[in-house]
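**Q** Please find one structure pasted underneath; my questions will follow.
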Amino acid sequence: MWTDKQRGIRVSQQELLCKNACGYYGNPAWQGFCSKCWRERAHPAGAAIQGVRPSNDGTPLTFSKFEEKKNMEKSRRINTMRRLFWGTPSPPKRQEASETHANVLKAYQSLEPGDFTGFLKILRSPSSQRLQSRCFSEAQVTQIMEHVEKLIMTRLHKWVFCHDSCDDEQKDLALQKRIRSLNWVTPQMLSVPFPDKKTTVTGDPFLPAITAIIEMDAKRAPQDKLTCVSKCSQHVFEALSTSNSEPANADDFLSGLIYVVLKANPPRLHSNMQYVIRFGLPHSLMAGESGYYFTNLSCAVAFIEKLDGPALNLSPEEFEGYMLRQRVPFARSKRQEVSSETQHLLEELKGRQEKLDQGVDALNMQLQKWVKEVHSQLDEATAQFTLVQKEMTAQSEISQLSSSSHDTVTQEDNNEDQTVLVFSNEHACPEDTDC
């Protein structure tokens, strides 16, 4: 079915770049061109008016020309920002006094929260524009543009996302149906490095990437959606690093990303990608890490839409059998065997649990019976103790009575002896007197 030597997905770094060899990343939505070249091809008159881009015959650019082109694009963005802030491409030459600067800063500080109209009035004043030329660098201008994009697109999201004037909703449903019909695709078919049996991995290593790509639909700003794409791609690289001892290459990354998209089936994926393409900042899509990841995501979606048997190292008959649910992949049949064994173990465990419950019920009944016997024995012992206590009380009373009667008799005898002694003394007294 598939071998390590024959891979179904191969992509080089050159294939991800713009067809016009401008050095930026292309996109399948723009027929392989970057956003700038696509706009120039769609509107050639605008390109002629600007007169900035030189003609190119499709030959690869040298490094010096590439640097010159990047510098030209950078200067064009700087001039655009300068026009926004002070109305001319170059900052004014006249110096401002320190008092004027202090007044402008005080005007900004005196603004109340939410007073956007007052902020615009101060922003458009000449003194404020000259002050901004000294306060903001190129990096700060880029950061301001990102904040402005996030603020505006967050407010306008519900009006511009998946608008009724476009067919994004129908394409979303078609893409979701297509991904759902391909849920039988296994990592082995895509040549995704997956952990072997010797590697101890808890759960699916691609689960964080699946979660990140699903979270993209909950974001509103284009840069936040790009952040989710970047986070998903980073998790894919982490999963590939745990699955394989060697560093992941571009082919492994793209196949892993395709596997993540197939397993996640992100909601409104086409609409989210078109939203980023239409309203995202050009430098985020044309260059940098986010641009590379987004280009790979676009390639993954294009691959899924055109997926066929040879791309998975399958014959057309095998691919059709899988699509019609007439065949089951080996990995899935193995999973079914494991699930049946697990079900059998669960049933066995359920029977043991029932026996254990019956034993617990019998033990409870025996325990209740034993408690009743103990209570009855305690009652009998208490009754016997009461009788014995009564007998002991009666015996003590009898002994007290006997001792008291004996004392009375003894006292009477003593009284009689004393009476006899007195009587004898009375008779003896005259004799003594005579003597």
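Labeling convention for the structure tokens: chains A, B, ... as they appear, residues from 1 per chain, ligands from 1 in order of appearance.
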Just want the 8 Å neighbourhood of Glu305 of chain A, counted on only C-alpha atoms, with same-chain residues fewer than 3 positions away dropped. Output as a PyMOL selection string.
**A** chain A and resi 175+178+301-302
**Q** Go ahead and write the residues just picked, all heavy atoms, as an mmCIF file, in the first residue's frame.
**A**
data_model
loop_
_atom_site.group_PDB
_atom_site.id
_atom_site.type_symbol
_atom_site.label_atom_id
_atom_site.label_comp_id
_atom_site.auth_asym_id
_atom_site.auth_seq_id
_atom_site.Cartn_x
_atom_site.Cartn_y
_atom_site.Cartn_z
ATOM 1 N N LEU A 175 -16.419 21.785 2.049
ATOM 2 C CA LEU A 175 -15.132 21.367 2.613
ATOM 3 C C LEU A 175 -15.333 20.465 3.825
ATOM 4 O O LEU A 175 -14.628 19.456 3.992
ATOM 5 C CB LEU A 175 -14.312 22.597 2.983
ATOM 6 C CG LEU A 175 -12.905 22.337 3.543
ATOM 7 C CD1 LEU A 175 -12.079 21.538 2.546
ATOM 8 C CD2 LEU A 175 -12.219 23.637 3.899
ATOM 9 N N ARG A 178 -16.333 17.116 2.590
ATOM 10 C CA ARG A 178 -15.173 16.437 2.013
ATOM 11 C C ARG A 178 -14.269 15.867 3.103
ATOM 12 O O ARG A 178 -13.829 14.716 3.017
ATOM 13 C CB ARG A 178 -14.387 17.438 1.145
ATOM 14 C CG ARG A 178 -13.082 16.930 0.578
ATOM 15 C CD ARG A 178 -13.296 15.838 -0.436
ATOM 16 N NE ARG A 178 -12.034 15.470 -1.072
ATOM 17 C CZ ARG A 178 -11.897 14.457 -1.916
ATOM 18 N NH1 ARG A 178 -12.948 13.704 -2.230
ATOM 19 N NH2 ARG A 178 -10.729 14.197 -2.465
ATOM 20 N N VAL A 301 -5.164 22.415 2.753
ATOM 21 C CA VAL A 301 -6.573 22.452 2.327
ATOM 22 C C VAL A 301 -6.694 22.148 0.839
ATOM 23 O O VAL A 301 -7.588 21.398 0.404
ATOM 24 C CB VAL A 301 -7.187 23.820 2.671
ATOM 25 C CG1 VAL A 301 -8.594 23.945 2.101
ATOM 26 C CG2 VAL A 301 -7.220 24.026 4.187
ATOM 27 N N ALA A 302 -5.799 22.711 0.030
ATOM 28 C CA ALA A 302 -5.824 22.422 -1.402
ATOM 29 C C ALA A 302 -5.550 20.943 -1.664
ATOM 30 O O ALA A 302 -6.157 20.335 -2.562
ATOM 31 C CB ALA A 302 -4.795 23.290 -2.127
#
**Q** Any idea what's packed within 8 Å of segment 164-173 of chain A, counting only C-alpha atoms, ignoring anything in its chain fewer than 5 positions away? Could you give it as an NGL selection string?
**A** :A and (267-271)
**Q** When you count only C-alpha atoms, which of these residues is closest to Pro282 of chain A: A:Pro247, A:Gly118, A:Pro222, A:Gly309?
**A**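 Once distances to Pro282 of chain A are computed over only C-alpha atoms, the minimum belongs to A:Pro222.
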**Q** Compile the contact shell of Pro193 of chain A as number ranges by chain: residues with an atom at most 12 Å away, counting only C-alpha atoms, same-chain residues fewer than 2 positions apart removed.
**A** A: 4, 7, 186-191, 195-196, 205-206, 236-249, 251-257, 259
**Q** Keeping N, CA and C atoms for every residue in the selection just given, could you write it to a file as a short mmCIF file (atom, residue, chain, number, x, y, z; two decimals), in the first residue's frame?
**A**
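Dumped to again05.cif:
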data_model
loop_
_atom_site.label_atom_id
_atom_site.label_comp_id
_atom_site.auth_asym_id
_atom_site.auth_seq_id
_atom_site.Cartn_x
_atom_site.Cartn_y
_atom_site.Cartn_z
N ASP A 4 8.20 3.46 2.67
CA ASP A 4 8.92 4.63 3.15
C ASP A 4 9.60 5.37 2.02
N ARG A 7 6.66 8.45 -1.09
CA ARG A 7 5.85 9.32 -0.25
C ARG A 7 4.78 9.96 -1.10
N THR A 186 -5.54 7.22 7.45
CA THR A 186 -4.68 6.92 8.61
C THR A 186 -3.37 7.68 8.50
N PRO A 187 -2.64 7.85 9.59
CA PRO A 187 -1.32 8.50 9.52
C PRO A 187 -0.35 7.76 8.62
N GLN A 188 -0.49 6.42 8.55
CA GLN A 188 0.43 5.66 7.69
C GLN A 188 0.21 5.99 6.22
N MET A 189 -1.03 6.24 5.83
CA MET A 189 -1.31 6.60 4.44
C MET A 189 -0.69 7.94 4.07
N LEU A 190 -0.64 8.86 5.03
CA LEU A 190 -0.05 10.18 4.80
C LEU A 190 1.44 10.21 5.09
N SER A 191 1.98 9.06 5.49
CA SER A 191 3.42 8.99 5.84
C SER A 191 3.75 9.92 6.99
N PRO A 195 4.23 7.56 16.80
CA PRO A 195 4.98 6.81 17.82
C PRO A 195 4.80 5.31 17.65
N ASP A 196 5.89 4.56 17.77
CA ASP A 196 5.80 3.11 17.68
C ASP A 196 5.40 2.52 19.03
N PRO A 205 -0.61 12.35 20.23
CA PRO A 205 0.34 13.47 20.34
C PRO A 205 -0.10 14.70 19.55
N PHE A 206 -1.03 14.54 18.60
CA PHE A 206 -1.49 15.67 17.79
C PHE A 206 -2.73 16.34 18.39
N VAL A 236 2.34 20.68 16.01
CA VAL A 236 2.63 19.62 15.04
C VAL A 236 4.12 19.28 15.07
N PHE A 237 4.97 20.30 15.08
CA PHE A 237 6.41 20.06 15.15
C PHE A 237 6.78 19.34 16.45
N GLU A 238 6.15 19.71 17.55
CA GLU A 238 6.43 19.03 18.82
C GLU A 238 6.01 17.56 18.76
N ALA A 239 4.84 17.30 18.16
CA ALA A 239 4.38 15.91 18.04
C ALA A 239 5.31 15.10 17.15
N LEU A 240 5.78 15.70 16.07
CA LEU A 240 6.70 15.01 15.18
C LEU A 240 8.04 14.74 15.86
N SER A 241 8.48 15.65 16.70
CA SER A 241 9.75 15.45 17.41
C SER A 241 9.64 14.32 18.43
N THR A 242 8.46 14.16 19.06
CA THR A 242 8.27 13.04 20.00
C THR A 242 8.10 11.72 19.27
N SER A 243 7.60 11.76 18.03
CA SER A 243 7.37 10.54 17.28
C SER A 243 8.62 10.04 16.58
N ASN A 244 9.55 10.94 16.30
CA ASN A 244 10.72 10.56 15.53
C ASN A 244 11.95 11.18 16.19
N SER A 245 13.02 10.41 16.20
CA SER A 245 14.25 10.92 16.81
C SER A 245 14.91 11.99 15.95
N GLU A 246 14.65 11.98 14.64
CA GLU A 246 15.25 12.96 13.75
C GLU A 246 14.39 14.22 13.69
N PRO A 247 14.98 15.37 13.39
CA PRO A 247 14.19 16.60 13.26
C PRO A 247 13.20 16.50 12.10
N ALA A 248 12.05 17.10 12.28
CA ALA A 248 11.01 17.04 11.25
C ALA A 248 11.37 17.96 10.09
N ASN A 249 11.13 17.48 8.86
CA ASN A 249 11.37 18.29 7.68
C ASN A 249 10.06 18.85 7.15
N ASP A 251 8.30 18.04 4.49
CA ASP A 251 7.34 17.03 4.06
C ASP A 251 6.60 16.45 5.25
N ASP A 252 7.33 16.12 6.33
CA ASP A 252 6.69 15.59 7.53
C ASP A 252 5.73 16.61 8.14
N PHE A 253 6.14 17.87 8.14
CA PHE A 253 5.28 18.89 8.72
C PHE A 253 3.99 19.04 7.92
N LEU A 254 4.07 19.07 6.60
CA LEU A 254 2.87 19.23 5.78
C LEU A 254 1.94 18.02 5.92
N SER A 255 2.51 16.81 5.92
CA SER A 255 1.67 15.62 6.10
C SER A 255 1.04 15.60 7.48
N GLY A 256 1.80 16.03 8.52
CA GLY A 256 1.21 16.12 9.86
C GLY A 256 0.11 17.15 9.94
N LEU A 257 0.29 18.28 9.26
CA LEU A 257 -0.75 19.32 9.25
C LEU A 257 -2.00 18.83 8.53
N TYR A 259 -3.00 15.72 8.37
CA TYR A 259 -3.62 14.78 9.30
C TYR A 259 -4.40 15.52 10.39
#
**Q** Compare A:Leu156, A:Leu17, A:Thr142, A:Val148 by their minimum atom-to-atom distance to Phe33 of chain A, counting only C-alpha atoms, and give me the closest one.
**A** A:Leu17
**Q** Step one, run DSSP on the backbone; step two, keep only residues of segment 165-254 of chain A assigned to helix (DSSP H, G or I); then write them as a VMD selection string.
**A** chain A and resid 168 to 181 207 to 218 222 to 243 250 to 254
**Q** In Å, how far is it from atom CA of Glu215 of chain A to atom CA of Gly288 of chain A?
**A** 21.8 Å
**Q** Could you name the residues that touch Leu297 of chain A at 12 Å or less, counting only C-alpha atoms, but leaving out those on the same chain fewer than 5 positions away, as a PyMOL selection string?
**A** chain A and resi 16+26-29+213+226+228-230+232-233+236+253-262+266+269-270+272-273+285+290-292+302-304
**Q** Could you write those residues out with C-alpha atoms, as a CSV table (one decimal), in the first residue's frame?
**A**
chain,number,residue,atom,x,y,z
A,16,LEU,CA,5.8,27.6,-1.2
A,26,GLY,CA,2.5,32.4,-2.3
A,27,ASN,CA,-1.0,31.1,-1.6
A,28,PRO,CA,-3.2,28.7,-3.6
A,29,ALA,CA,-6.1,31.2,-3.2
A,213,ILE,CA,-6.9,24.8,14.9
A,226,LEU,CA,-3.0,33.5,12.5
A,228,CYS,CA,-3.9,29.9,16.3
A,229,VAL,CA,-2.5,28.6,13.1
A,230,SER,CA,1.1,29.2,14.3
A,232,CYS,CA,-1.2,24.5,15.8
A,233,SER,CA,1.9,24.3,13.6
A,236,VAL,CA,2.6,19.6,15.0
A,253,PHE,CA,5.3,18.9,8.7
A,254,LEU,CA,2.9,19.2,5.8
A,255,SER,CA,1.7,15.6,6.1
A,256,GLY,CA,1.2,16.1,9.9
A,257,LEU,CA,-0.7,19.3,9.3
A,258,ILE,CA,-3.0,17.5,6.7
A,259,TYR,CA,-3.6,14.8,9.3
A,260,VAL,CA,-4.5,17.4,11.9
A,261,VAL,CA,-7.0,19.1,9.6
A,262,LEU,CA,-8.6,15.8,8.7
A,266,PRO,CA,-12.3,22.8,11.9
A,269,LEU,CA,-12.3,26.7,7.8
A,270,HIS,CA,-12.6,28.2,4.3
A,272,ASN,CA,-11.6,31.8,8.3
A,273,MET,CA,-8.8,31.5,5.8
A,285,LEU,CA,1.0,36.7,5.2
A,290,SER,CA,3.1,33.1,10.5
A,291,GLY,CA,3.2,33.5,6.7
A,292,TYR,CA,5.0,30.2,6.3
A,302,ALA,CA,-5.8,22.4,-1.4
A,303,PHE,CA,-4.4,18.9,-1.1
A,304,ILE,CA,-7.5,17.7,0.8
